[in-house]
file work-v1.tsv (TSV, C-alpha atoms and all ligand atoms)
chain	number	residue	atom	x	y	z
A	71	MET	CA	0.00	0.00	0.00
A	72	GLU	CA	2.97	2.32	0.58
A	73	ASN	CA	3.36	2.76	-3.18
A	74	LEU	CA	-0.14	4.21	-3.59
A	75	LEU	CA	0.68	7.86	-2.88
A	76	PRO	CA	4.00	8.05	-4.79
A	77	ARG	CA	2.33	6.32	-7.72
A	78	PHE	CA	-0.56	8.80	-7.74
A	79	LEU	CA	1.78	11.80	-7.44
A	80	GLU	CA	3.86	10.54	-10.33
A	81	TYR	CA	0.83	10.05	-12.59
A	82	VAL	CA	-0.67	13.49	-11.91
A	83	SER	CA	2.69	15.12	-12.69
A	84	ILE	CA	2.27	14.02	-16.31
A	85	ASP	CA	-0.10	16.19	-18.36
A	86	THR	CA	-2.65	13.97	-20.16
A	87	GLN	CA	-5.32	16.48	-21.12
A	88	SER	CA	-7.51	15.18	-23.95
A	89	ASP	CA	-8.76	17.28	-26.87
A	90	PRO	CA	-12.27	17.01	-28.40
A	91	ASN	CA	-11.11	18.67	-31.63
A	92	SER	CA	-8.54	16.02	-32.42
A	93	LYS	CA	-9.42	13.07	-34.62
A	94	THR	CA	-6.65	10.74	-33.42
A	95	THR	CA	-6.77	8.19	-30.60
A	96	PRO	CA	-5.44	9.06	-28.10
A	97	SER	CA	-6.61	12.57	-28.94
A	98	THR	CA	-3.34	14.08	-27.69
A	99	GLU	CA	0.22	12.89	-28.19
A	100	LYS	CA	1.10	13.62	-24.56
A	101	GLN	CA	-1.21	10.87	-23.29
A	102	TRP	CA	1.30	8.34	-24.67
A	103	LYS	CA	3.86	9.42	-22.11
A	104	LEU	CA	1.77	8.21	-19.18
A	105	ALA	CA	0.41	5.24	-21.16
A	106	LYS	CA	3.93	3.92	-21.74
A	107	LYS	CA	4.80	4.41	-18.09
A	108	LEU	CA	1.71	2.45	-17.04
A	109	VAL	CA	2.63	-0.44	-19.32
A	110	LEU	CA	6.07	-0.65	-17.67
A	111	GLU	CA	4.53	-0.42	-14.23
A	112	LEU	CA	2.03	-3.23	-14.89
A	113	SER	CA	4.85	-5.49	-16.05
A	114	LYS	CA	7.08	-4.48	-13.16
A	115	ILE	CA	4.57	-5.44	-10.46
A	116	GLY	CA	4.22	-8.84	-12.11
A	117	LEU	CA	1.02	-8.79	-14.18
A	118	GLU	CA	0.88	-10.96	-17.29
A	119	LYS	CA	-0.28	-10.41	-20.89
A	120	VAL	CA	0.41	-6.68	-20.58
A	121	SER	CA	-0.57	-5.05	-23.87
A	122	ILE	CA	-1.09	-1.64	-25.41
A	123	ASP	CA	-2.70	-1.23	-28.82
A	124	GLU	CA	-2.22	1.46	-31.46
A	125	ASN	CA	-5.02	3.53	-29.86
A	126	GLY	CA	-3.49	3.59	-26.40
A	127	TYR	CA	-5.76	1.00	-24.78
A	128	ILE	CA	-3.87	-0.88	-22.08
A	129	MET	CA	-4.81	-4.32	-20.80
A	130	ALA	CA	-3.19	-6.76	-18.38
A	131	THR	CA	-3.99	-9.96	-16.50
A	132	LEU	CA	-3.60	-11.16	-12.96
A	133	PRO	CA	-3.95	-14.94	-13.31
A	134	SER	CA	-6.24	-16.93	-11.03
A	135	ASN	CA	-4.70	-18.62	-7.99
A	136	LEU	CA	-7.72	-20.87	-7.44
A	137	ASN	CA	-8.00	-24.47	-8.53
A	138	LYS	CA	-11.59	-24.01	-9.71
A	139	GLU	CA	-13.21	-22.00	-12.49
A	140	VAL	CA	-14.69	-18.67	-11.36
A	141	PRO	CA	-15.84	-15.68	-13.43
A	142	THR	CA	-13.19	-13.34	-14.82
A	143	ILE	CA	-13.72	-9.79	-13.61
A	144	GLY	CA	-12.15	-6.51	-14.70
A	145	PHE	CA	-11.27	-3.07	-13.35
A	146	ILE	CA	-11.16	-0.08	-15.68
A	147	ALA	CA	-9.95	3.50	-15.30
A	148	HIS	CA	-9.08	6.34	-17.68
A	149	TYR	CA	-5.76	8.15	-17.72
A	150	ASP	CA	-6.69	11.36	-19.56
A	151	THR	CA	-7.88	14.53	-17.83
A	152	THR	CA	-10.59	16.98	-18.90
A	153	PRO	CA	-10.02	19.64	-21.58
A	154	ASP	CA	-12.05	22.03	-19.37
A	155	TYR	CA	-9.13	22.93	-17.10
A	156	THR	CA	-5.37	22.84	-17.35
A	157	GLY	CA	-3.58	19.70	-16.23
A	158	ALA	CA	-0.06	20.94	-16.99
A	159	ASN	CA	2.46	21.45	-14.17
A	160	VAL	CA	0.27	19.90	-11.50
A	161	LYS	CA	1.97	20.56	-8.16
A	162	PRO	CA	-0.04	18.83	-5.45
A	163	GLN	CA	-0.03	19.87	-1.82
A	164	ILE	CA	-0.27	17.24	0.87
A	165	ILE	CA	-2.14	18.30	3.97
A	166	GLU	CA	-1.57	15.81	6.78
A	167	ASN	CA	-3.96	15.54	9.70
A	168	TYR	CA	-6.41	18.03	8.15
A	169	ASP	CA	-7.76	20.32	10.87
A	170	GLY	CA	-11.19	20.90	9.32
A	171	GLY	CA	-10.52	24.53	8.41
A	172	ASP	CA	-9.75	26.56	5.30
A	173	ILE	CA	-6.94	25.36	3.05
A	174	VAL	CA	-5.13	28.11	1.18
A	175	LEU	CA	-4.38	26.71	-2.25
A	176	ASP	CA	-2.76	29.84	-3.65
A	177	LYS	CA	-2.10	32.92	-1.55
A	178	ALA	CA	-1.43	35.29	-4.44
A	179	SER	CA	-4.81	34.74	-6.07
A	180	ASN	CA	-6.57	34.16	-2.72
A	181	THR	CA	-7.73	30.71	-3.82
A	182	VAL	CA	-9.08	28.92	-0.76
A	183	LEU	CA	-10.58	25.46	-0.38
A	184	SER	CA	-13.08	26.08	2.39
A	185	PRO	CA	-15.48	23.72	4.19
A	186	ASP	CA	-17.93	26.65	4.38
A	187	TYR	CA	-18.45	26.22	0.65
A	188	PHE	CA	-17.33	22.61	0.08
A	189	GLU	CA	-19.12	20.92	2.97
A	190	ASP	CA	-17.87	17.44	2.05
A	191	LEU	CA	-14.47	18.48	3.41
A	192	LYS	CA	-15.74	18.26	6.99
A	193	GLN	CA	-15.98	14.46	6.92
A	194	TYR	CA	-12.22	14.22	6.29
A	195	GLU	CA	-11.01	15.97	9.42
A	196	GLY	CA	-7.87	14.21	10.70
A	197	GLN	CA	-7.14	12.63	7.31
A	198	THR	CA	-4.45	13.31	4.71
A	199	LEU	CA	-5.75	15.47	1.86
A	200	ILE	CA	-4.11	15.86	-1.51
A	201	THR	CA	-5.05	19.19	-3.11
A	202	THR	CA	-3.88	21.37	-6.01
A	203	ASN	CA	-1.79	24.52	-5.70
A	204	GLY	CA	-4.79	26.53	-6.93
A	205	LYS	CA	-3.54	26.83	-10.51
A	206	THR	CA	-4.45	23.50	-12.16
A	207	LEU	CA	-6.79	20.59	-11.69
A	208	LEU	CA	-5.45	17.65	-9.67
A	209	GLY	CA	-6.27	14.73	-11.96
A	210	ALA	CA	-7.66	12.40	-9.28
A	211	ASP	CA	-10.29	11.95	-12.02
A	212	ASP	CA	-9.15	9.39	-12.87
A	213	LYS	CA	-5.49	8.89	-11.99
A	214	ALA	CA	-6.66	8.02	-8.48
A	215	GLY	CA	-8.54	5.10	-10.10
A	216	VAL	CA	-5.46	4.08	-12.09
A	217	ALA	CA	-3.17	4.18	-9.03
A	218	GLU	CA	-5.73	2.29	-6.92
A	219	ILE	CA	-6.17	-0.53	-9.43
A	220	ILE	CA	-2.41	-1.01	-9.87
A	221	THR	CA	-1.85	-0.93	-6.11
A	222	ALA	CA	-4.64	-3.46	-5.54
A	223	MET	CA	-3.09	-5.82	-8.12
A	224	GLU	CA	0.31	-5.39	-6.48
A	225	PHE	CA	-1.25	-6.18	-3.10
A	226	LEU	CA	-2.84	-9.38	-4.44
A	227	ILE	CA	0.47	-10.46	-5.97
A	228	GLN	CA	2.29	-9.84	-2.68
A	229	ASN	CA	-0.38	-11.65	-0.66
A	230	PRO	CA	-1.00	-14.92	-2.50
A	231	GLU	CA	-2.94	-16.33	0.47
A	232	ILE	CA	-5.83	-14.15	-0.76
A	233	LYS	CA	-7.58	-16.36	-3.30
A	234	HIS	CA	-9.12	-14.88	-6.45
A	235	GLY	CA	-10.05	-15.76	-10.02
A	236	LYS	CA	-8.58	-14.24	-13.16
A	237	ILE	CA	-8.56	-10.44	-13.01
A	238	ARG	CA	-8.29	-8.14	-16.02
A	239	VAL	CA	-7.11	-4.55	-15.86
A	240	GLY	CA	-7.98	-1.95	-18.52
A	241	PHE	CA	-6.78	1.65	-18.85
A	242	THR	CA	-8.26	3.92	-21.52
A	243	PRO	CA	-7.49	7.33	-23.07
A	244	ASP	CA	-10.02	10.06	-23.94
A	245	GLU	CA	-12.84	9.32	-21.49
A	246	GLU	CA	-13.27	13.03	-20.82
A	247	ILE	CA	-14.15	13.73	-24.44
A	248	GLY	CA	-16.68	10.90	-24.55
A	249	ARG	CA	-14.51	8.49	-26.50
A	250	GLY	CA	-13.10	6.42	-23.65
A	251	VAL	CA	-14.49	3.11	-24.82
A	252	HIS	CA	-15.23	3.70	-28.50
A	253	LYS	CA	-12.27	1.52	-29.44
A	254	PHE	CA	-12.33	-0.73	-26.37
A	255	ASP	CA	-12.05	-4.36	-27.45
A	256	VAL	CA	-14.56	-6.07	-25.16
A	257	LYS	CA	-13.79	-9.48	-26.64
A	258	LYS	CA	-10.06	-9.13	-26.09
A	259	PHE	CA	-10.68	-7.91	-22.54
A	260	GLY	CA	-12.54	-11.16	-21.98
A	261	ALA	CA	-14.17	-10.43	-18.61
A	262	ASP	CA	-17.62	-11.55	-17.47
A	263	TRP	CA	-18.14	-8.15	-15.90
A	264	ALA	CA	-16.07	-5.17	-14.80
A	265	TYR	CA	-16.08	-2.07	-12.62
A	266	THR	CA	-14.97	1.38	-13.66
A	267	VAL	CA	-13.10	2.94	-10.72
A	268	ASP	CA	-14.09	6.47	-11.63
A	269	GLY	CA	-16.64	7.58	-9.03
A	270	SER	CA	-16.26	10.39	-6.54
A	271	GLN	CA	-16.57	10.11	-2.77
A	272	ILE	CA	-15.83	7.04	-0.68
A	273	GLY	CA	-18.68	4.48	-0.83
A	274	GLU	CA	-20.13	5.44	-4.20
A	275	LEU	CA	-21.52	2.53	-6.18
A	276	GLU	CA	-23.41	3.42	-9.34
A	277	TYR	CA	-25.32	1.34	-11.84
A	278	GLU	CA	-28.01	3.74	-13.01
A	279	ASN	CA	-27.39	6.62	-15.38
A	280	PHE	CA	-29.50	8.82	-17.61
A	281	ASN	CA	-31.13	7.84	-20.87
A	282	ALA	CA	-29.93	10.62	-23.11
A	283	ALA	CA	-30.87	12.22	-26.42
A	284	GLY	CA	-30.10	15.44	-28.23
A	285	ALA	CA	-32.72	17.31	-30.25
A	286	LYS	CA	-32.83	20.14	-32.73
A	287	VAL	CA	-36.01	22.07	-33.53
A	288	ILE	CA	-36.00	23.94	-36.84
A	289	ILE	CA	-38.64	26.55	-37.69
A	290	LYS	CA	-39.19	28.13	-41.11
A	291	GLY	CA	-41.01	31.48	-40.94
A	292	LYS	CA	-42.40	33.81	-43.58
A	293	SER	CA	-41.12	37.38	-43.87
A	294	VAL	CA	-43.46	40.10	-45.05
A	295	HIS	CA	-43.15	43.90	-44.76
A	296	PRO	CA	-44.15	44.55	-41.15
A	297	GLY	CA	-46.56	47.31	-42.18
A	298	TYR	CA	-48.60	44.93	-44.27
A	299	ALA	CA	-48.01	41.68	-42.42
A	300	LYS	CA	-51.42	41.02	-40.91
A	301	ASN	CA	-52.37	37.34	-41.35
A	302	LYS	CA	-49.37	36.88	-43.63
A	303	MET	CA	-46.15	37.01	-41.62
A	304	ILE	CA	-45.00	34.00	-39.65
A	305	ASN	CA	-42.21	35.11	-37.35
A	306	ALA	CA	-39.97	32.10	-36.70
A	307	ILE	CA	-38.63	33.74	-33.52
A	308	GLY	CA	-42.17	34.08	-32.19
A	309	VAL	CA	-42.98	30.47	-33.03
A	310	ALA	CA	-39.78	29.32	-31.29
A	311	ASN	CA	-40.90	31.25	-28.23
A	312	GLU	CA	-44.36	29.69	-28.44
A	313	PHE	CA	-42.79	26.23	-28.71
A	314	LEU	CA	-40.66	26.80	-25.60
A	315	SER	CA	-43.65	28.15	-23.68
A	316	LEU	CA	-45.43	24.83	-24.23
A	317	MET	CA	-42.61	22.88	-22.55
A	318	PRO	CA	-42.77	22.10	-18.80
A	319	PRO	CA	-41.07	25.13	-17.17
A	320	ARG	CA	-39.84	23.32	-14.06
A	321	GLU	CA	-38.28	20.31	-15.80
A	322	VAL	CA	-34.91	21.93	-16.34
A	323	PRO	CA	-31.46	21.11	-14.87
A	324	GLU	CA	-31.53	24.01	-12.44
A	325	MET	CA	-34.77	22.78	-10.84
A	326	THR	CA	-34.27	19.00	-10.77
A	327	GLU	CA	-32.21	16.44	-8.84
A	328	GLY	CA	-32.07	12.75	-7.94
A	329	ASN	CA	-34.29	10.73	-10.25
A	330	GLU	CA	-35.93	13.72	-11.94
A	331	GLY	CA	-35.40	14.10	-15.67
A	332	PHE	CA	-35.24	17.32	-17.67
A	333	PHE	CA	-35.07	19.20	-20.95
A	334	HIS	CA	-32.10	21.51	-21.30
A	335	ILE	CA	-32.05	24.19	-24.02
A	336	HIS	CA	-28.42	24.97	-24.69
A	337	GLY	CA	-28.50	26.93	-27.92
A	338	ILE	CA	-30.90	29.16	-29.82
A	339	LYS	CA	-30.60	31.40	-32.86
A	340	GLY	CA	-33.06	32.96	-35.20
A	341	ASP	CA	-34.48	35.65	-37.43
A	342	ILE	CA	-37.92	36.05	-38.98
A	343	GLU	CA	-37.48	33.36	-41.61
A	344	ASN	CA	-35.34	30.83	-39.77
A	345	ALA	CA	-35.10	29.90	-36.13
A	346	GLU	CA	-33.68	26.87	-34.44
A	347	PHE	CA	-32.85	25.69	-30.97
A	348	GLU	CA	-30.96	22.75	-29.59
A	349	LEU	CA	-31.66	20.86	-26.44
A	350	ILE	CA	-30.75	17.72	-24.57
A	351	ILE	CA	-33.24	15.31	-23.02
A	352	ARG	CA	-32.33	13.32	-19.89
A	353	ASP	CA	-34.34	10.81	-17.85
A	354	HIS	CA	-33.44	7.69	-15.86
A	355	ASP	CA	-36.83	6.13	-16.60
A	356	GLU	CA	-37.16	4.64	-20.07
A	357	GLU	CA	-40.90	5.32	-20.33
A	358	GLN	CA	-40.53	8.92	-19.17
A	359	PHE	CA	-37.64	9.33	-21.57
A	360	GLN	CA	-39.78	8.21	-24.50
A	361	ALA	CA	-42.61	10.46	-23.26
A	362	ARG	CA	-40.24	13.45	-23.32
A	363	LYS	CA	-39.34	12.77	-26.92
A	364	GLY	CA	-43.04	12.34	-27.66
A	365	LEU	CA	-43.82	15.72	-26.10
A	366	LEU	CA	-41.45	17.50	-28.49
A	367	ARG	CA	-43.13	15.81	-31.43
A	368	ALA	CA	-46.61	16.63	-30.09
A	369	ILE	CA	-45.82	20.32	-29.64
A	370	SER	CA	-44.39	20.39	-33.14
A	371	GLU	CA	-47.52	18.77	-34.53
A	372	LYS	CA	-49.78	21.18	-32.69
A	373	LEU	CA	-47.93	24.23	-34.04
A	374	ASN	CA	-47.71	22.73	-37.53
A	375	ASN	CA	-51.48	22.36	-37.50
A	376	LYS	CA	-51.76	26.01	-36.55
A	377	TYR	CA	-49.21	27.51	-38.96
A	378	GLY	CA	-48.75	24.95	-41.72
A	379	ALA	CA	-45.83	22.54	-41.85
A	380	ILE	CA	-43.09	24.91	-40.69
A	381	ILE	CA	-41.45	22.98	-37.84
A	382	SER	CA	-39.24	19.92	-37.97
A	383	VAL	CA	-37.81	18.09	-34.97
A	384	GLU	CA	-34.68	15.94	-35.15
A	385	ILE	CA	-33.97	13.67	-32.20
A	386	ASN	CA	-30.79	11.61	-31.79
A	387	ASP	CA	-30.32	9.07	-29.02
A	388	GLN	CA	-26.98	9.48	-27.22
A	389	TYR	CA	-26.68	6.87	-24.46
A	390	ARG	CA	-28.90	4.66	-22.34
A	391	ASN	CA	-29.41	3.77	-18.71
A	392	MET	CA	-27.20	0.75	-17.97
A	393	LYS	CA	-29.65	-0.42	-15.29
A	394	GLU	CA	-31.39	-2.75	-17.75
A	395	LYS	CA	-28.07	-4.50	-18.41
A	396	ILE	CA	-27.08	-4.65	-14.73
A	397	GLU	CA	-30.35	-5.88	-13.20
A	398	PRO	CA	-30.14	-9.37	-14.81
A	399	VAL	CA	-26.66	-9.79	-13.24
A	400	PHE	CA	-27.37	-8.03	-9.98
A	401	HIS	CA	-24.88	-10.16	-8.04
A	402	ILE	CA	-22.16	-7.89	-9.44
A	403	ILE	CA	-23.66	-5.02	-7.42
A	404	GLU	CA	-24.18	-7.20	-4.35
A	405	ILE	CA	-20.53	-8.31	-4.40
A	406	ALA	CA	-19.35	-4.68	-4.48
A	407	GLU	CA	-21.80	-3.74	-1.73
A	408	VAL	CA	-20.71	-6.60	0.53
A	409	ALA	CA	-17.04	-5.83	-0.22
A	410	MET	CA	-17.52	-2.25	1.00
A	411	LEU	CA	-19.46	-3.30	4.10
A	412	LYS	CA	-16.78	-5.85	5.02
A	413	ILE	CA	-14.08	-3.19	5.08
A	414	GLY	CA	-16.26	-0.77	7.02
A	415	ILE	CA	-17.60	1.51	4.29
A	416	GLU	CA	-21.25	2.45	3.96
A	417	PRO	CA	-22.16	1.98	0.26
A	418	ILE	CA	-23.78	5.04	-1.33
A	419	ILE	CA	-25.97	3.84	-4.19
A	420	LYS	CA	-27.52	6.61	-6.24
A	421	PRO	CA	-28.36	7.27	-9.88
A	422	ILE	CA	-25.74	9.15	-11.87
A	423	ARG	CA	-27.03	12.38	-13.42
A	424	GLY	CA	-24.96	11.82	-16.51
A	425	GLY	CA	-23.42	8.91	-18.37
A	426	THR	CA	-20.35	6.77	-17.73
A	427	ASP	CA	-18.04	4.69	-19.85
A	428	GLY	CA	-19.53	1.76	-17.99
A	429	SER	CA	-22.95	2.44	-19.49
A	430	GLN	CA	-21.51	2.16	-23.00
A	431	LEU	CA	-19.53	-0.95	-22.06
A	432	SER	CA	-22.67	-2.51	-20.58
A	433	PHE	CA	-24.40	-2.16	-23.94
A	434	MET	CA	-21.28	-3.49	-25.68
A	435	GLY	CA	-21.66	-6.73	-23.71
A	436	LEU	CA	-19.57	-6.01	-20.62
A	437	PRO	CA	-21.80	-5.17	-17.62
A	438	CYS	CA	-19.89	-2.41	-15.88
A	439	PRO	CA	-21.04	-0.46	-12.81
A	440	ASN	CA	-18.92	2.33	-11.33
A	441	ILE	CA	-17.23	2.47	-7.93
A	442	PHE	CA	-15.64	5.37	-6.08
A	443	ALA	CA	-12.07	6.51	-6.66
A	444	GLY	CA	-12.29	8.98	-3.75
A	445	GLY	CA	-11.86	12.44	-5.27
A	446	HIS	CA	-14.06	15.55	-5.05
A	447	ASN	CA	-14.65	18.72	-7.14
A	448	PHE	CA	-13.43	17.20	-10.39
A	449	HIS	CA	-12.44	19.29	-13.42
A	450	GLY	CA	-11.12	22.33	-11.61
A	451	LYS	CA	-8.66	23.85	-9.19
A	452	TYR	CA	-10.65	22.85	-6.09
A	453	GLU	CA	-10.21	19.15	-6.85
A	454	TYR	CA	-8.89	17.11	-3.93
A	455	VAL	CA	-8.70	13.51	-2.75
A	456	PRO	CA	-8.25	12.10	0.76
A	457	LEU	CA	-5.48	9.48	0.89
A	458	GLU	CA	-7.60	7.34	3.24
A	459	SER	CA	-10.38	7.17	0.59
A	460	MET	CA	-7.84	6.01	-1.98
A	461	GLN	CA	-6.63	3.31	0.42
A	462	LYS	CA	-10.23	2.19	0.96
A	463	ALA	CA	-10.71	1.99	-2.82
A	464	VAL	CA	-7.69	-0.34	-3.00
A	465	GLU	CA	-9.18	-2.47	-0.23
A	466	THR	CA	-12.57	-2.51	-1.99
A	467	ILE	CA	-10.98	-3.78	-5.21
A	468	VAL	CA	-9.05	-6.48	-3.33
A	469	LYS	CA	-12.22	-7.53	-1.47
A	470	ILE	CA	-14.29	-7.70	-4.67
A	471	CYS	CA	-11.66	-10.03	-6.18
A	472	GLU	CA	-11.69	-12.19	-3.07
A	473	LEU	CA	-15.50	-12.36	-2.78
A	474	THR	CA	-15.92	-13.23	-6.46
A	475	GLY	CA	-13.55	-16.16	-5.89
A	476	GLU	CA	-15.55	-17.32	-2.86
A	477	LYS	CA	-19.03	-16.88	-4.27
A	478	PHE	CA	-18.64	-19.06	-7.34
B	501	ZN	ZN	-13.44	10.27	-14.77
call {"tool": "encode", "arguments": {"input": "work-v1.tsv", "output": "structure tokens", "more": "lines below"}}
Ligand SMILES: [Zn+2]
result
Amino acid sequence: MENLLPRFLEYVSIDTQSDPNSKTTPSTEKQWKLAKKLVLELSKIGLEKVSIDENGYIMATLPSNLNKEVPTIGFIAHYDTTPDYTGANVKPQIIENYDGGDIVLDKASNTVLSPDYFEDLKQYEGQTLITTNGKTLLGADDKAGVAEIITAMEFLIQNPEIKHGKIRVGFTPDEEIGRGVHKFDVKKFGADWAYTVDGSQIGELEYENFNAAGAKVIIKGKSVHPGYAKNKMINAIGVANEFLSLMPPREVPEMTEGNEGFFHIHGIKGDIENAEFELIIRDHDEEQFQARKGLLRAISEKLNNKYGAIISVEINDQYRNMKEKIEPVFHIIEIAEVAMLKIGIEPIIKPIRGGTDGSQLSFMGLPCPNIFAGGHNFHGKYEYVPLESMQKAVETIVKICELTGEKF
């Protein structure tokens, strides 16, 4: 376990920011630097079949030490960081025995990590916190996950009395730009199920995410001299406004939480002849999700009946709730839950208000819930991770391996 912190600090010191505008995989050349280091590390600790493909996908095997057949399980993390905030020159600060007060990240810019604003901090009093220096993100998302998986494998190798089946490890580039598993070879990975170690606070266990679609509403108006427009002009801007007024006003991101779905308008432009707006649709419930898409079509039909066929609605599905793929194999959640309870963690099971790589993998044939990696405030300078949470993530991974060996 003593290698966990140095490992993490080494990984975050390497800039692996991904880039949505690039067409290559990995999207940035610099991700190779850490990828190559990880390959060496996996071999060094004694894993077998360590491989990296031309797209930067890393896989490795910890062979079974049981004399019976048990399911093969996997652990997956991503080694890129978000394009939203700089990940260059990360200089972490280590706060030992955190006193529960304000942490000055950067004096010059008065950047302070305060429990008055970030209340989660309070639960880590007395622990060791790893923070930024107020100028970059930290990269615990998801280098904490990478360091935890490697450390757990090392622990299993050093403690052969802990019995387990075959374990597969997978590290991916470009998760932060939504391409983390596009080129993930599920067949080559060869696991019965896997866990992404990419969640936030200690205890998180997630197997429900949004159903997601994007939509575009296009309105064609009719321009006529405003002085002589009566019963002739159709103002596309006005029709767009009418369309929006027929949508449920409270079902928007800023007024919803938990299991509540929403519509989110994120772009609008228009003049008299042409108007269009773009929105995203999110709902955990499949039926509600379909109903939301239906509502857009119904409003369009209603206004088309009023004005003539001037509105078209394009809807594209984006990702789906993995719940339907996890429920038939629910023991994979129970194992993770029991693993956490056995090492003294209270599991926090809640729906994700977004998507995960695991949801895509689940629909690609690899059921893949998400467990905590320990960090908070991802994608910005207030990101931090308690060392104790990282240690508990290592223990959770080890326990999941052990329980899977016992259960089957
Ligand atoms: Zn992540």
call {"tool": "residues_around", "arguments": {"input": "work-v1.tsv", "residues": "Ile441 of chain A", "least_positions_apart": "4", "cutoff": "8 Å", "atoms": "all atoms listed in the file", "output": "PyMOL selection string"}}
result
chain A and resi 265-269+273-276
call {"tool": "atom_distance", "arguments": {"input": "work-v1.tsv", "atom1": "atom CA of Asn125 of chain A", "atom2": "atom CA of Lys257 of chain A"}}
result
16.0 Å
call {"tool": "residues_around", "arguments": {"input": "work-v1.tsv", "residues": "Gly126 of chain A", "least_positions_apart": "4", "cutoff": "10 Å", "atoms": "all atoms listed in the file", "output": "list in words"}}
result
Thr95, Pro96, Ser97, Gln101, Trp102, Ala105, Lys106, Ser121, Ile122, Phe241, Thr242, Pro243, Asp244, Lys253 and Phe254 of chain A
call {"tool": "residues_near_ligand", "arguments": {"input": "work-v1.tsv", "ligand": "ligand ZN 501 (chain B)", "cutoff": "7 Å", "atoms": "all atoms listed in the file", "output": "PDB file with C-alpha atoms, keeping the file's coordinate frame"}}
result
ATOM      1  CA  HIS A 148      -9.080   6.340 -17.680  1.00  0.00           C
ATOM      2  CA  ASP A 211     -10.290  11.950 -12.020  1.00  0.00           C
ATOM      3  CA  ASP A 212      -9.150   9.390 -12.870  1.00  0.00           C
ATOM      4  CA  GLU A 245     -12.840   9.320 -21.490  1.00  0.00           C
ATOM      5  CA  GLU A 246     -13.270  13.030 -20.820  1.00  0.00           C
ATOM      6  CA  ASP A 268     -14.090   6.470 -11.630  1.00  0.00           C
TER       7      ASP A 268
END
call {"tool": "atom_distance", "arguments": {"input": "work-v1.tsv", "atom1": "atom CA of His234 of chain A", "atom2": "atom CA of Gly445 of chain A"}}
result
27.5 Å
call {"tool": "atom_distance", "arguments": {"input": "work-v1.tsv", "atom1": "atom CA of Ile405 of chain A", "atom2": "atom CA of Val239 of chain A"}}
result
18.0 Å
call {"tool": "closest_residue", "arguments": {"input": "work-v1.tsv", "among": "A:Gly204, A:Pro398, A:Pro456, A:Gly308", "to": "Ile173 of chain A", "atoms": "all atoms listed in the file"}}
result
A:Gly204
call {"tool": "closest_residue", "arguments": {"input": "work-v1.tsv", "among": "A:Pro153, A:Gly291, A:Pro421, A:Gly215", "to": "Glu343 of chain A", "atoms": "all atoms listed in the file"}}
result
A:Gly291
call {"tool": "residues_around", "arguments": {"input": "work-v1.tsv", "residues": "Lys477 of chain A", "least_positions_apart": "3", "cutoff": "12 Å", "atoms": "all atoms listed in the file", "output": "list of chain:residue names"}}
result
A:Lys138, A:Glu139, A:Val140, A:Pro141, A:Lys233, A:His234, A:Gly235, A:His401, A:Ile402, A:Glu404, A:Ile405, A:Val408, A:Ala409, A:Lys469, A:Ile470, A:Cys471, A:Glu472, A:Leu473, A:Thr474
call {"tool": "residues_around", "arguments": {"input": "work-v1.tsv", "residues": "Ile115 of chain A", "least_positions_apart": "6", "cutoff": "12 Å", "atoms": "only C-alpha atoms", "output": "ChimeraX atom specification"}}
result
/A:73,108-109,130-132,219-228
call {"tool": "residues_around", "arguments": {"input": "work-v1.tsv", "residues": "Leu316 of chain A", "least_positions_apart": "4", "cutoff": "9 Å", "atoms": "all atoms listed in the file", "output": "list in words"}}
result
Asn311, Glu312 and Ile369 of chain A
